[in-house]
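Engineer: The structure file protein_13.cif (mmCIF, C-alpha atoms) is provided below.
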```
data_start
loop_
_atom_site.label_atom_id
_atom_site.label_comp_id
_atom_site.auth_asym_id
_atom_site.auth_seq_id
_atom_site.Cartn_x
_atom_site.Cartn_y
_atom_site.Cartn_z
CA MET A 1 169.00 54.60 133.80
CA PHE A 2 165.43 55.32 132.81
CA LEU A 3 162.11 54.83 134.52
CA SER A 4 160.04 53.47 131.67
CA VAL A 5 159.95 52.87 127.97
CA SER A 6 158.36 56.26 127.33
CA ASP A 7 160.87 58.08 129.55
CA LYS A 8 163.67 56.16 127.83
CA ILE A 9 162.66 57.67 124.50
CA TYR A 10 161.29 61.04 125.50
CA ASN A 11 161.89 63.36 128.42
CA VAL A 12 158.97 63.71 130.83
CA GLU A 13 159.00 67.43 129.99
CA ASP A 14 157.27 66.66 126.70
CA GLU A 15 153.67 67.02 127.81
CA ALA A 16 152.04 66.08 124.49
CA LEU A 17 153.96 62.82 124.28
CA ARG A 18 153.30 62.06 127.93
CA GLN A 19 149.55 62.51 127.34
CA SER A 20 149.76 60.31 124.25
CA ASN A 21 151.48 57.60 126.29
CA ARG A 22 148.72 57.78 128.91
CA GLN A 23 146.06 57.39 126.21
CA ARG A 24 147.86 54.37 124.76
CA SER A 25 148.04 52.85 128.25
CA VAL A 26 144.27 53.25 128.72
CA VAL A 27 143.59 51.59 125.37
CA SER A 28 145.96 48.73 126.19
CA TYR A 29 144.28 48.21 129.56
CA ALA A 30 140.82 48.12 127.91
CA ILE A 31 142.04 45.50 125.43
CA LEU A 32 143.46 43.42 128.29
CA LEU A 33 140.13 43.52 130.14
CA ALA A 34 138.30 42.45 126.99
CA MET A 35 140.67 39.52 126.52
CA LEU A 36 140.19 38.42 130.13
CA ALA A 37 136.41 38.58 129.71
CA TRP A 38 136.64 36.51 126.52
CA ALA A 39 138.84 33.92 128.26
CA SER A 40 136.38 33.66 131.15
CA SER A 41 133.49 33.10 128.74
CA LEU A 42 135.41 30.25 127.15
CA LEU A 43 135.93 28.65 130.55
CA PHE A 44 132.18 28.68 131.27
CA ALA A 45 131.32 27.54 127.75
CA THR A 46 133.52 24.43 128.02
CA ASP A 47 132.16 23.36 131.40
CA PRO A 48 130.92 19.72 131.33
CA VAL A 49 127.16 19.18 131.49
CA PRO A 50 126.32 19.05 135.19
CA ASN A 51 125.27 15.67 136.56
CA PRO A 52 121.75 15.92 138.01
CA ALA A 53 122.77 13.34 140.59
CA LEU A 54 125.24 15.79 141.98
CA LYS A 55 123.64 18.42 144.09
CA LYS A 56 125.08 21.91 143.74
CA LYS A 57 126.43 23.21 146.93
CA LYS A 58 126.52 26.94 147.40
CA VAL A 59 129.76 28.27 148.73
CA VAL A 60 129.80 31.62 150.48
CA VAL A 61 133.02 33.44 149.79
CA SER A 62 133.67 36.46 151.96
CA THR A 63 136.39 38.92 150.99
CA ALA A 64 138.79 39.71 153.79
CA LYS A 65 139.32 43.21 155.01
CA ARG A 66 142.05 45.07 153.15
CA PRO A 67 145.26 44.98 155.26
CA ALA A 68 146.84 48.17 156.48
CA ALA A 69 149.22 49.78 153.99
CA SER A 70 152.95 49.41 154.55
CA ALA A 71 154.56 52.03 156.71
CA LYS A 72 156.91 52.76 153.83
CA ALA A 73 154.02 54.11 151.84
CA GLY A 74 153.38 56.70 154.52
CA VAL A 75 149.74 55.60 155.21
CA LYS A 76 149.03 55.62 158.92
CA THR A 77 145.35 54.60 158.93
CA PRO A 78 144.38 51.27 157.34
CA VAL A 79 141.66 51.44 154.73
CA LYS A 80 138.67 49.25 155.65
CA THR A 81 136.17 47.81 153.22
CA ALA A 82 132.85 46.15 153.99
CA ALA A 83 132.78 42.36 153.53
CA VAL A 84 130.84 41.44 150.43
CA GLN A 85 129.30 38.00 150.02
CA HIS A 86 129.33 36.30 146.63
CA THR A 87 127.35 33.16 145.91
CA VAL A 88 128.91 30.96 143.30
CA THR A 89 128.78 27.34 142.43
CA LYS A 90 131.65 24.99 143.15
CA ALA A 91 132.12 24.47 139.43
CA ALA A 92 132.41 28.19 138.75
CA ALA A 93 134.72 28.66 141.73
CA LYS A 94 136.92 25.85 140.45
CA HIS A 95 137.44 27.60 137.11
CA ILE A 96 137.59 31.17 138.34
CA ALA A 97 140.02 30.66 141.22
CA PRO A 98 143.15 30.03 139.12
CA ALA A 99 142.39 33.01 136.83
CA ALA A 100 141.73 35.25 139.81
CA GLN A 101 144.98 34.20 141.44
CA ALA A 102 146.90 34.89 138.24
CA ALA A 103 145.25 38.33 137.84
CA ALA A 104 146.00 39.19 141.47
CA SER A 105 149.60 38.12 141.01
CA THR A 106 149.98 40.26 137.87
CA GLN A 107 148.40 43.26 139.59
CA ALA A 108 150.76 42.90 142.55
CA THR A 109 153.73 42.73 140.20
CA VAL A 110 152.62 45.89 138.35
CA LYS A 111 152.11 47.77 141.61
CA ALA A 112 155.53 46.72 142.84
CA ALA A 113 157.12 47.93 139.59
CA ARG A 114 155.54 51.37 139.75
CA PRO A 115 157.83 54.13 141.02
CA ALA A 116 156.78 55.84 144.21
CA VAL A 117 154.72 58.98 143.60
CA ARG A 118 155.57 61.95 145.75
CA SER A 119 152.96 64.41 146.91
CA THR A 120 153.27 68.16 146.55
CA GLY A 121 155.06 68.28 149.86
CA GLY A 122 156.88 64.94 149.56
CA THR A 123 160.59 65.14 150.19
CA TRP A 124 160.87 68.55 148.51
CA ARG A 125 161.63 71.10 151.18
CA VAL A 126 161.45 74.28 149.12
CA PRO A 127 158.06 76.01 148.67
CA THR A 128 156.65 76.52 145.19
CA TYR A 129 155.41 80.00 146.08
CA ALA A 130 157.39 82.73 147.84
CA ASN A 131 158.23 86.43 147.79
CA SER A 132 161.02 86.34 145.21
CA LEU A 133 161.60 90.11 145.38
CA GLU A 134 162.73 90.24 148.99
CA GLY A 135 166.17 91.82 149.40
CA ASP A 136 166.62 92.78 145.73
CA ASN A 137 168.50 95.99 144.89
CA VAL A 138 167.23 97.53 141.64
CA ASP A 139 169.75 100.39 141.40
CA GLY A 140 171.22 100.49 137.91
CA GLU A 141 168.76 97.97 136.47
CA ASP A 142 166.75 98.45 133.31
CA LEU A 143 163.34 99.16 134.78
CA VAL A 144 161.40 98.04 131.69
CA ALA A 145 163.10 94.64 131.82
CA ARG A 146 162.63 94.54 135.58
CA ARG A 147 158.88 95.15 135.36
CA ALA A 148 158.45 92.48 132.68
CA ALA A 149 160.33 89.91 134.78
CA VAL A 150 158.53 90.73 138.04
CA ASP A 151 155.10 90.51 136.42
CA ALA A 152 155.96 87.22 134.70
CA LEU A 153 157.30 85.50 137.82
CA GLY A 154 154.40 86.59 140.03
CA PRO A 155 154.14 84.60 143.28
CA LEU A 156 156.37 81.75 142.07
CA ASN A 157 159.55 80.87 143.93
CA GLY A 158 162.35 81.39 141.46
CA SER A 159 164.72 83.73 139.69
CA ILE A 160 164.83 85.49 136.32
CA VAL A 161 167.97 86.87 134.71
CA ILE A 162 167.81 89.07 131.61
CA THR A 163 171.02 90.04 129.79
CA ASP A 164 172.15 91.74 126.61
CA ALA A 165 173.90 89.04 124.58
CA ASN A 166 175.94 91.61 122.63
CA THR A 167 177.56 93.23 125.68
CA GLY A 168 177.17 90.92 128.67
CA ARG A 169 175.26 93.58 130.61
CA ILE A 170 172.79 92.24 133.13
CA LEU A 171 169.56 94.18 132.65
CA THR A 172 167.78 92.74 135.68
CA ILE A 173 167.96 89.94 138.22
CA VAL A 174 164.79 89.00 140.05
CA ASN A 175 165.62 87.17 143.29
CA GLN A 176 169.29 88.06 143.48
CA LYS A 177 169.76 85.90 146.56
CA LEU A 178 168.84 82.79 144.58
CA ALA A 179 170.73 83.80 141.43
CA PHE A 180 173.98 84.42 143.32
CA LYS A 181 173.97 81.01 145.07
CA ASN A 182 176.26 78.21 143.90
CA GLY A 183 173.53 76.81 141.73
CA TYR A 184 171.41 73.75 141.17
CA GLN A 185 171.52 70.69 138.97
CA PRO A 186 171.10 71.89 135.36
CA CYS A 187 168.74 69.05 134.39
CA SER A 188 168.20 68.92 130.62
CA THR A 189 169.64 72.39 129.99
CA VAL A 190 173.02 70.64 129.98
CA LYS A 191 172.10 69.26 126.55
CA ILE A 192 173.04 72.54 124.84
CA PRO A 193 176.74 72.44 125.79
CA VAL A 194 176.75 68.67 125.20
CA ALA A 195 175.38 69.16 121.68
CA LEU A 196 178.06 71.77 120.95
CA ALA A 197 180.77 69.49 122.34
CA ALA A 198 179.61 66.53 120.25
CA LEU A 199 179.48 68.66 117.09
CA SER A 200 182.92 70.12 117.82
CA GLU A 201 184.42 66.66 118.23
CA ASN A 202 182.69 65.31 115.11
CA VAL A 203 180.96 62.68 117.21
CA VAL A 204 177.71 63.49 115.45
CA GLU A 205 176.23 65.74 112.79
CA ARG A 206 172.85 67.42 112.98
CA GLU A 207 171.22 64.95 110.60
CA THR A 208 172.94 61.84 111.93
CA PRO A 209 170.16 59.35 112.84
CA TYR A 210 170.32 57.56 116.16
CA HIS A 211 168.25 54.40 116.71
CA LEU A 212 166.07 54.65 119.80
CA THR A 213 164.39 51.38 118.94
CA ARG A 214 164.49 48.99 116.01
CA ARG A 215 162.08 51.19 114.05
CA LYS A 216 162.42 54.60 115.68
CA THR A 217 165.30 56.96 114.91
CA ILE A 218 165.98 60.50 116.00
CA ALA A 219 168.43 63.25 115.03
CA MET A 220 169.75 66.28 116.89
CA THR A 221 167.01 68.80 116.04
CA GLU A 222 164.21 66.59 117.36
CA ALA A 223 166.35 65.43 120.29
CA ILE A 224 166.82 69.03 121.46
CA ALA A 225 163.20 70.01 120.79
CA HIS A 226 161.78 67.02 122.69
CA SER A 227 164.68 66.83 125.19
CA ASN A 228 165.48 63.21 124.44
CA ASN A 229 167.45 61.63 127.28
CA GLN A 230 168.52 58.50 125.47
CA TYR A 231 170.06 60.45 122.60
CA PHE A 232 172.12 62.71 124.87
CA ALA A 233 173.18 59.86 127.14
CA HIS A 234 174.56 58.22 123.98
CA LEU A 235 176.47 61.40 123.08
CA GLY A 236 177.98 61.46 126.55
CA GLN A 237 179.15 57.88 126.25
CA GLU A 238 180.68 58.63 122.85
CA LEU A 239 182.45 61.74 124.17
CA GLY A 240 183.64 60.24 127.44
CA PHE A 241 184.01 62.05 130.75
CA ASP A 242 187.29 63.83 129.97
CA ARG A 243 185.97 65.56 126.86
CA VAL A 244 182.64 66.39 128.50
CA SER A 245 184.51 67.97 131.42
CA TYR A 246 186.84 69.90 129.08
CA TYR A 247 184.00 71.51 127.15
CA ALA A 248 181.98 72.21 130.30
CA LYS A 249 184.91 74.23 131.67
CA MET A 250 185.44 76.01 128.35
CA PHE A 251 181.76 77.02 128.28
CA GLY A 252 182.05 78.56 131.75
CA LEU A 253 180.52 75.88 133.97
CA GLY A 254 181.99 75.70 137.47
CA GLU A 255 183.27 79.29 137.48
CA LYS A 256 181.87 82.73 138.16
CA ALA A 257 180.08 84.25 135.20
CA GLY A 258 180.20 87.83 136.43
CA LEU A 259 182.92 90.44 136.65
CA ASP A 260 183.30 91.54 140.28
CA ILE A 261 179.64 90.93 141.13
CA GLU A 262 179.35 91.12 144.88
CA GLY A 263 177.91 87.98 146.45
CA GLU A 264 178.13 85.79 143.33
CA GLN A 265 179.22 82.21 143.92
CA PRO A 266 180.46 79.88 141.19
CA GLY A 267 178.68 76.69 140.26
CA LEU A 268 180.20 73.27 140.77
CA LEU A 269 181.73 70.85 138.27
CA THR A 270 182.71 67.36 139.39
CA ALA A 271 186.38 66.43 138.98
CA THR A 272 185.55 62.75 138.56
CA GLU A 273 182.89 60.88 136.63
CA PRO A 274 179.60 60.73 138.58
CA LYS A 275 178.64 57.36 140.06
CA SER A 276 175.55 57.41 137.85
CA GLY A 277 177.77 57.54 134.76
CA VAL A 278 178.66 60.07 132.08
CA GLY A 279 175.36 59.36 130.29
CA MET A 280 173.40 60.77 133.23
CA MET A 281 175.80 63.69 133.36
CA THR A 282 175.03 64.61 129.74
CA SER A 283 171.29 64.02 129.90
CA PHE A 284 170.35 65.21 133.43
CA GLY A 285 173.41 67.16 134.56
CA ASP A 286 174.57 64.78 137.30
CA GLY A 287 177.77 66.05 138.90
CA ILE A 288 177.12 69.67 137.87
CA SER A 289 175.71 72.63 139.76
CA LEU A 290 174.69 75.47 137.44
CA THR A 291 173.83 79.06 138.34
CA PRO A 292 171.37 81.22 136.39
CA LEU A 293 174.24 83.64 135.68
CA GLU A 294 176.45 80.89 134.22
CA TYR A 295 173.67 79.71 131.95
CA ALA A 296 172.83 83.27 130.89
CA ALA A 297 176.46 83.82 129.87
CA LEU A 298 176.56 80.56 127.88
CA ILE A 299 173.24 81.21 126.12
CA GLY A 300 174.48 84.72 125.34
CA ALA A 301 177.52 83.20 123.61
CA VAL A 302 175.22 80.97 121.56
CA ALA A 303 173.08 84.00 120.66
CA ASN A 304 176.00 86.19 119.52
CA GLY A 305 177.92 83.46 117.71
CA GLY A 306 180.62 82.48 120.18
CA THR A 307 181.70 85.38 122.40
CA LEU A 308 181.57 84.47 126.08
CA TYR A 309 181.32 87.81 127.86
CA TYR A 310 181.87 88.49 131.50
CA LEU A 311 178.46 89.44 132.85
CA GLN A 312 178.48 92.97 134.29
CA TYR A 313 175.90 94.24 136.73
CA PRO A 314 175.97 98.05 136.92
CA LYS A 315 174.64 99.45 140.17
CA THR A 316 173.98 103.02 139.01
CA ASP A 317 172.69 104.68 135.85
CA ARG A 318 176.13 106.22 135.32
CA GLU A 319 177.76 102.78 135.47
CA SER A 320 175.28 101.36 132.99
CA GLN A 321 175.94 104.23 130.57
CA ALA A 322 179.71 103.81 130.86
CA LEU A 323 179.73 100.00 130.68
CA VAL A 324 182.40 98.55 128.39
CA PRO A 325 181.95 94.90 127.29
CA ARG A 326 184.58 92.51 128.65
CA ILE A 327 185.35 89.25 126.89
CA LYS A 328 186.15 86.20 128.96
CA ARG A 329 187.02 83.97 125.98
CA ARG A 330 186.15 83.27 122.39
CA LEU A 331 184.36 79.99 121.74
CA ASP A 332 184.93 78.27 118.41
CA ILE A 333 181.23 77.60 117.87
CA ASP A 334 180.21 80.19 115.27
CA ASN A 335 179.77 77.46 112.64
CA LEU A 336 177.99 75.16 115.10
CA VAL A 337 175.30 77.51 116.40
CA SER A 338 173.31 77.10 113.19
CA GLU A 339 173.25 73.34 113.87
CA ILE A 340 171.54 73.63 117.26
CA LYS A 341 169.28 76.65 116.68
CA PRO A 342 166.64 74.62 114.77
CA GLY A 343 166.24 72.35 117.80
CA MET A 344 166.04 75.31 120.20
CA LEU A 345 163.43 76.94 117.99
CA GLY A 346 161.63 73.60 117.65
CA ALA A 347 161.39 73.34 121.43
CA VAL A 348 159.28 76.51 121.43
CA GLU A 349 157.31 75.71 118.29
CA TYR A 350 156.40 72.05 118.92
CA GLY A 351 158.54 70.65 121.76
CA THR A 352 158.96 70.98 125.49
CA ALA A 353 158.84 74.80 125.55
CA ARG A 354 155.53 75.32 123.76
CA ARG A 355 154.22 77.35 126.71
CA ALA A 356 156.64 80.14 125.73
CA GLY A 357 154.38 80.82 122.74
CA PHE A 358 155.78 80.57 119.23
CA ASP A 359 155.80 83.81 117.25
CA PRO A 360 157.56 83.82 113.84
CA ASN A 361 157.98 87.59 114.09
CA ILE A 362 159.91 87.32 117.36
CA PRO A 363 161.58 83.89 117.31
CA ILE A 364 162.51 82.48 120.69
CA TYR A 365 165.26 79.87 120.91
CA GLY A 366 165.41 77.90 124.14
CA LYS A 367 165.97 74.74 126.12
CA THR A 368 164.00 73.45 129.10
CA GLY A 369 165.13 71.38 132.06
CA THR A 370 163.16 69.44 134.69
CA CYS A 371 164.57 67.33 137.51
CA THR A 372 165.07 67.14 141.27
CA ASP A 373 168.14 68.65 142.88
CA THR A 374 169.04 66.05 145.50
CA ARG A 375 171.29 68.39 147.49
CA THR A 376 168.52 70.80 148.45
CA PRO A 377 166.22 68.91 147.82
CA THR A 378 163.88 70.78 145.50
CA HIS A 379 162.15 70.17 142.20
CA LEU A 380 163.56 72.38 139.45
CA GLY A 381 162.22 74.00 136.31
CA TRP A 382 164.81 75.61 134.01
CA PHE A 383 164.47 77.53 130.77
CA GLY A 384 167.43 79.20 129.07
CA SER A 385 166.56 81.22 125.98
CA PHE A 386 167.26 84.15 123.73
CA VAL A 387 165.36 86.24 121.23
CA ASP A 388 166.97 87.29 117.97
CA THR A 389 165.47 90.41 116.42
CA GLY A 390 168.37 91.45 114.23
CA LYS A 391 170.82 93.79 115.96
CA ASN A 392 169.38 93.19 119.41
CA LYS A 393 169.74 89.81 121.09
CA TYR A 394 168.44 89.38 124.62
CA VAL A 395 168.77 86.41 126.94
CA VAL A 396 166.13 85.31 129.44
CA VAL A 397 166.95 82.56 131.93
CA VAL A 398 164.22 81.33 134.28
CA LEU A 399 164.81 79.04 137.26
CA LEU A 400 161.82 77.83 139.27
CA THR A 401 162.13 75.90 142.53
CA GLY A 402 159.51 74.08 144.61
CA GLY A 403 157.29 71.01 144.33
CA LYS A 404 155.68 68.93 141.61
CA LEU A 405 154.06 71.95 139.90
CA VAL A 406 157.54 73.16 138.96
CA SER A 407 158.89 72.10 135.55
CA GLY A 408 160.84 73.24 132.52
CA PRO A 409 157.64 73.78 130.51
CA ALA A 410 156.31 75.96 133.35
CA ALA A 411 159.55 77.98 133.30
CA SER A 412 159.21 78.44 129.54
CA GLY A 413 155.74 79.88 130.11
CA VAL A 414 157.20 82.44 132.50
CA ALA A 415 159.87 83.39 129.96
CA GLY A 416 157.21 83.68 127.26
CA SER A 417 155.40 86.24 129.39
CA VAL A 418 158.63 88.22 129.75
CA TYR A 419 159.17 88.30 125.98
CA LYS A 420 155.58 89.36 125.32
CA SER A 421 155.81 92.21 127.84
CA LEU A 422 159.07 93.43 126.33
CA ALA A 423 157.56 93.33 122.84
CA ALA A 424 154.54 95.33 124.03
CA SER A 425 156.88 98.07 125.27
CA ASN A 426 158.85 98.17 121.98
CA PHE A 427 161.90 96.96 123.87
CA TYR A 428 163.40 95.07 120.91
CA THR A 429 163.39 98.04 118.53
CA ARG A 430 165.06 100.59 120.78
CA GLU A 431 168.51 101.73 119.76
CA PRO A 432 171.35 100.76 122.09
CA ALA A 433 173.55 103.59 123.26
CA ALA A 434 176.66 103.96 121.09
CA LYS A 435 179.90 103.41 122.96
CA GLU A 436 183.56 103.78 122.19
CA ILE A 437 185.01 100.33 122.96
CA SER A 438 188.70 99.90 123.69
CA PRO A 439 190.37 97.07 121.73
CA ILE A 440 192.11 95.96 124.93
CA ALA A 441 188.76 95.71 126.69
CA LEU A 442 187.56 93.33 124.01
CA ILE A 443 190.54 91.01 124.45
CA SER A 444 190.62 90.52 128.20
CA ALA A 445 189.47 91.93 131.51
CA GLN A 446 191.03 92.53 134.89
CA GLY A 447 188.98 91.44 137.88
CA ASN A 448 187.83 88.53 139.93
CA GLY A 449 185.63 87.02 137.24
CA ASN A 450 187.08 83.56 137.69
#
```
Let me see whether you can do it: turn the structure in this file into structure tokens.
Structural biologist:
Amino acid sequence: MFLSVSDKIYNVEDEALRQSNRQRSVVSYAILLAMLAWASSLLFATDPVPNPALKKKKVVVSTAKRPAASAKAGVKTPVKTAAVQHTVTKAAAKHIAPAAQAAASTQATVKAARPAVRSTGGTWRVPTYANSLEGDNVDGEDLVARRAAVDALGPLNGSIVITDANTGRILTIVNQKLAFKNGYQPCSTVKIPVALAALSENVVERETPYHLTRRKTIAMTEAIAHSNNQYFAHLGQELGFDRVSYYAKMFGLGEKAGLDIEGEQPGLLTATEPKSGVGMMTSFGDGISLTPLEYAALIGAVANGGTLYYLQYPKTDRESQALVPRIKRRLDIDNLVSEIKPGMLGAVEYGTARRAGFDPNIPIYGKTGTCTDTRTPTHLGWFGSFVDTGKNKYVVVVLLTGGKLVSGPAASGVAGSVYKSLAASNFYTREPAAKEISPIALISAQGNGN
């Protein structure tokens, strides 16, 4: 289920490809106009020699006023145009009329085929700008991480979660009210767990080519980098709903990510295949509601090689100093992470997350997501990412909500600002506090994490 040929091949998040498609459309339209002009010149050139005995009669053709737009289009006032008189001969009118009718018919067909364009307000009921700090409690947070996140988000309506991938500690949550809700549609961020599931089940390998068209093929790295919907819909169909659901649960979707975090609600995971099909589930996240905390925990497991920690949110400095990592489960993905990391890095270097800003000295691995959450409804911009600087691995998840200005690429730009601020404060090179970790604590944890 795709809107157009370009959307069928590439996600609308890929701004460079979308611009290229627009340029190709302009060129095609110019060629069409040239062909129509050439055809009209042929019509006039083949006119029979006029008979002098026949007197030319001038026909005055007056264009009618443009009718009022349909109420469905939301236009209340009809647009009026002044009547323009054109003087043409009967012979010219005879040849032009059929061509004009055909052109008008084609134009009407094209207009009817175009999807409706929503305005900034449209049906989206959530504002793009808001005070995202209202009600936040910063006790126990890492204030350096907090300042970087607050500055990066600015006036945007959204949430930022920063975690330590090696311990599961939450360093900061901007807009805790939003982060603790039961989530939103994951959009294209769902492609990370889908890629891991497909690799685990030997449905595909990283270099396995998939034919988008007769001449165009794509493999996993490019599909992740450019967020290719068709590729991931195909993986979903190959996996089937049962296996997709199994891996989604194993990766922590549909359950609380935190350990006894007050106010946290779990996301949602459909028990039956969505009406739109498993392909839409694995390319847009239909049937799933994801929270920023759930995605931060999953991306943390990718960053550290397969350990899914309970996220812990200390509320005092003493709690943060005494924090002991708690493992929820081990994921058998340590040999698969290297297969998806090139695509996540490619997203930042040349794909949908270019706004994050590629820096080979501080590589950012991430995945964007853009779609509309129909339950709210609001337009969403997701970006789940991590930075790998050796010993230290930090996760940054950005969720933006609002209107048409919101997108995954925009969210990646916010995350990029966070990473740059942290780098400027030497955040990545600081030594983590040494802790004595109990072996039992690393195996399981008691609490209401599920």
Engineer: Please enumerate the residues selected by the PyMOL selection byres ((chain A and resi 217-219) around 12) when evaluated against the supplied file, formatted as a PyMOL selection string.
Structural biologist: chain A and resi 9-10+195+204-216+220-232+234-235+339-340+342-343
Engineer: With the PyMOL selection byres ((chain A and resi 398) around 12) as the selection, what would be picked from this file? Answer as a PyMOL selection string, please.
Structural biologist: chain A and resi 149-150+152-153+156-163+173-175+178-179+186+189+291-293+295-296+356+366-370+380-386+395-397+399-401+406-419
Engineer: If the PyMOL selection byres ((chain A and resi 263) around 9) is run on the structure shown, which residues does it catch, given as a list of chain:residue names?
Structural biologist: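 Going through the file, the PyMOL selection byres ((chain A and resi 263) around 9) ends up selecting A:Lys177, A:Phe180, A:Lys181, A:Asp260, A:Ile261, A:Glu262, A:Glu264, A:Gln265.
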Engineer: Taking only C-alpha atoms into account, which of A:Gly390, A:Pro377, A:Gly346, A:Pro155 comes nearest A:Glu134?
Structural biologist: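 For A:Glu134, the nearest of the candidates is A:Pro155.
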Engineer: Calculate how many Å separate atom CA of A:Ala148 from atom CA of A:Ser132, rounding to one decimal.
Structural biologist: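 Computing the Euclidean distance for atom CA of A:Ala148 and atom CA of A:Ser132 yields 14.2 Å.
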Engineer: What's the separation between atom CA of A:Val337 and atom CA of A:Asp164, in Å to one decimal place?
Structural biologist: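 These atoms are spaced 17.8 Å apart.
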Engineer: In Å, with one decimal, what is the gap from atom CA of A:Gly168 to atom CA of A:Gly300?
Structural biologist: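 So the answer is 7.5 Å.
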Engineer: Between A:Ala303, A:Leu336, A:Ile362, A:Leu269, which is the closest to A:Ala198 once you count all atoms listed in the file?
Structural biologist: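 Nearest candidate to A:Ala198 out of A:Ala303, A:Leu336, A:Ile362, A:Leu269: A:Leu336.
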Engineer: Tell me which protein, DNA and RNA residues are within 12 Å of A:Glu431, counting only C-alpha atoms, leaving out same-chain ones fewer than 5 positions away, and put them as a CSV table (one decimal) with C-alpha atoms, keeping the file's coordinate frame.
Structural biologist:
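For reference, part-v2.csv as written:
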```csv
chain,number,residue,atom,x,y,z
A,390,GLY,CA,168.4,91.4,114.2
A,391,LYS,CA,170.8,93.8,116.0
A,392,ASN,CA,169.4,93.2,119.4
A,426,ASN,CA,158.8,98.2,122.0
```
Engineer: Compute the distance from (173.3, 63.3, 133.2) to each atom, counting all atoms listed in the file, keep the residues with any atom at most 12 Å away, and return them as number ranges by chain; use the coordinates of the file.
Structural biologist: A: 1-2, 185-191, 194, 228-237, 241, 244, 270, 273-289, 369-371
Engineer: Would you list the contacts of A:Asn304 as a list in words, taking every protein, DNA or RNA residue within 9 Å and counting only C-alpha atoms, but skipping same-chain residues closer than 6 positions in sequence?
Structural biologist: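 Near A:Asn304, the qualifying residues are Ala165, Asn166, Asp334 and Lys393 of chain A.
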Engineer: Of the candidates A:Ile333, A:Ala423, A:Ala257, A:Ala301, which one gets nearest to A:Asp359 if we count all atoms listed in the file?
Structural biologist: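 Among A:Ile333, A:Ala423, A:Ala257, A:Ala301, it is A:Ala423 that comes nearest to A:Asp359.
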